[in-house]
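Chemist: My structure is below; once you've seen it, I'll send some questions.
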Amino acid sequence: MSRAQKRSAARLASVQALYQMDIRGSSVVEVLAEFESHWIGQEIEGVEYSPAEEGFFRDIVGGVVREQRTIDPKVDQALADGWPLKRVDAIMRAIMRAGVYELSHRRDIPPKVTISEYVNVAHAFLDRDEAGMVNAVLDKIAKAERSDHLQAS
């Protein structure tokens, strides 16, 4: 499995972990331990969960938790007027938070890659319109935060 595939799996696992934390109120320590020991790279009820780059997974989940106070206002601003992040479905919140964290804090990853990856994750859980909203929000934030990188590519 390539590094890109392991990173894609880490993004998917990160979104699932953030969703679980949001719904269950699990701590970051609990969710990291659970995913690393029971989900990532395992087969559960006939579903195989791909091996993921664990350091990348930990960075995204931990980073979102650590930076949530700065991430959420950015998403609120990028969403349509009068539609705050707290009104968005939990899985969509997790996708957008992870995407914004990566755009803001992982300068080693091109913004177009980040946006594409999280739109793909969105397609796994959401309908086309909602995935389109994820794309629009992440694109708007990328243009504000990484415009130099977007113009160069």
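Letters A, B, ... go to the chains of the structure tokens in the order shown; residues in each chain start at 1; ligands are counted from 1 in the same order.
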DSSP on the backbone, strand (DSSP E) only: what residues of chain A does that give? Format it as a VMD selection string.
Modeler: chain A and resid 43 to 44 47 to 48
Chemist: Contacts of segment 103-108 of chain A at 8 Å or less, counting only C-alpha atoms, minus same-chain residues fewer than 6 places along, as a PDB file with N, CA and C atoms, in the first residue's frame?
Modeler:
```pdb
ATOM      1  N   THR A 114      -5.577  18.234  -0.302  1.00  0.00           N
ATOM      2  CA  THR A 114      -6.389  18.205   0.910  1.00  0.00           C
ATOM      3  C   THR A 114      -7.873  18.303   0.566  1.00  0.00           C
ATOM      4  N   ILE A 141     -11.766  28.512   2.339  1.00  0.00           N
ATOM      5  CA  ILE A 141     -10.751  28.637   3.391  1.00  0.00           C
ATOM      6  C   ILE A 141      -9.345  28.527   2.795  1.00  0.00           C
ATOM      7  N   ALA A 142      -9.173  27.621   1.845  1.00  0.00           N
ATOM      8  CA  ALA A 142      -7.862  27.482   1.189  1.00  0.00           C
ATOM      9  C   ALA A 142      -7.471  28.771   0.472  1.00  0.00           C
ATOM     10  N   GLU A 145      -6.352  31.187   3.191  1.00  0.00           N
ATOM     11  CA  GLU A 145      -5.159  30.815   3.974  1.00  0.00           C
ATOM     12  C   GLU A 145      -3.953  30.416   3.124  1.00  0.00           C
ATOM     13  N   ARG A 146      -4.220  29.890   1.943  1.00  0.00           N
ATOM     14  CA  ARG A 146      -3.121  29.326   1.145  1.00  0.00           C
ATOM     15  C   ARG A 146      -3.155  29.832  -0.294  1.00  0.00           C
TER      16      ARG A 146
END
```
Chemist: Can you tell me which residues surround Arg97 of chain A at a distance of at most 8 Å, considering only C-alpha atoms, apart from same-chain residues fewer than 2 positions away, and format the answer as a PyMOL selection string?
Modeler: chain A and resi 64+68+71-72+75+93-95+99-101
Chemist: With only C-alpha atoms as the counted atoms, please give the residues lying no more than 10 Å from Leu126 of chain A, apart from itself and same-chain residues fewer than 6 positions off, as an NGL selection string.
Modeler: :A and (89 or 91-92 or 119-120 or 132 or 134)
Chemist: Restrict the selected residues to N, CA and C atoms and save them as a tab-separated table (two decimals), in the first residue's frame.
Modeler:
```tsv
chain	number	residue	atom	x	y	z
A	89	ASP	N	-24.65	18.66	10.21
A	89	ASP	CA	-24.57	17.27	10.63
A	89	ASP	C	-23.19	16.94	11.20
A	91	ILE	N	-21.17	14.38	11.04
A	91	ILE	CA	-20.13	13.82	10.15
A	91	ILE	C	-19.56	14.93	9.26
A	92	MET	N	-20.42	15.84	8.85
A	92	MET	CA	-19.97	16.96	8.02
A	92	MET	C	-19.07	17.89	8.84
A	119	VAL	N	-13.24	15.84	0.11
A	119	VAL	CA	-14.44	15.71	-0.70
A	119	VAL	C	-14.72	14.22	-0.96
A	120	ASN	N	-13.66	13.45	-1.20
A	120	ASN	CA	-13.83	11.99	-1.36
A	120	ASN	C	-14.38	11.36	-0.09
A	132	GLY	N	-20.64	18.74	-2.05
A	132	GLY	CA	-20.36	20.01	-2.74
A	132	GLY	C	-20.16	21.15	-1.76
A	134	VAL	N	-18.99	20.80	1.32
A	134	VAL	CA	-17.66	20.57	1.90
A	134	VAL	C	-16.60	21.15	0.96
```
Chemist: Just give me the gap between atom CA of Val29 of chain A and atom CA of Pro111 of chain A in Å, one decimal is fine.
Modeler: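 Taking atom CA of Val29 of chain A and atom CA of Pro111 of chain A, their separation equals 28.3 Å.
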Chemist: When distances are computed from only C-alpha atoms, which of A:Glu54, A:Asp22, A:Glu130, A:Glu117 shows the smallest separation from Leu79 of chain A?
Modeler: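 Checking each candidate against Leu79 of chain A, we get A:Glu130 as the closest.
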Chemist: Quote the spacing between atom CA of Lys74 of chain A and atom CA of Ile115 of chain A in Å to one decimal place.
Modeler: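 A separation of 15.3 Å between them.
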Chemist: Please list as an NGL selection string every residue within 7 Å of Val61 of chain A, counting only C-alpha atoms and excluding residues in the same chain fewer than 3 positions away.
Modeler: :A and (14 or 18 or 57-58 or 64-65)
Chemist: Write out, as an mmCIF file, in the first residue's frame, the residues just selected, with C-alpha atoms.
Modeler:
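New file selection-v1.cif:
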```cif
data_model
loop_
_atom_site.group_PDB
_atom_site.id
_atom_site.type_symbol
_atom_site.label_atom_id
_atom_site.label_comp_id
_atom_site.auth_asym_id
_atom_site.auth_seq_id
_atom_site.Cartn_x
_atom_site.Cartn_y
_atom_site.Cartn_z
ATOM 1 C CA SER A 14 -9.646 10.703 11.496
ATOM 2 C CA LEU A 18 -13.754 12.976 15.314
ATOM 3 C CA PHE A 57 -3.973 10.032 11.880
ATOM 4 C CA ARG A 58 -2.813 11.169 15.339
ATOM 5 C CA VAL A 64 -8.406 19.310 15.408
ATOM 6 C CA VAL A 65 -8.983 18.933 19.143
#
```
Chemist: So which one's closest to Ala9 of chain A, A:Ala131, A:Met21, A:Ile109, A:Ala52? Using only C-alpha atoms, please.
Modeler: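 Comparing A:Ala131, A:Met21, A:Ile109, A:Ala52 against Ala9 of chain A, the winner is A:Ala52.
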Chemist: Just give me the gap between atom CA of Glu30 of chain A and atom CA of Arg66 of chain A in Å, one decimal is fine.
Modeler: 15.3 Å
Chemist: Just list the residues in segment 6-114 of chain A DSSP gives alpha helix (DSSP H) on the backbone, as a PyMOL selection string.
Modeler: chain A and resi 6-24+28-34+54-78+90-105+111-114
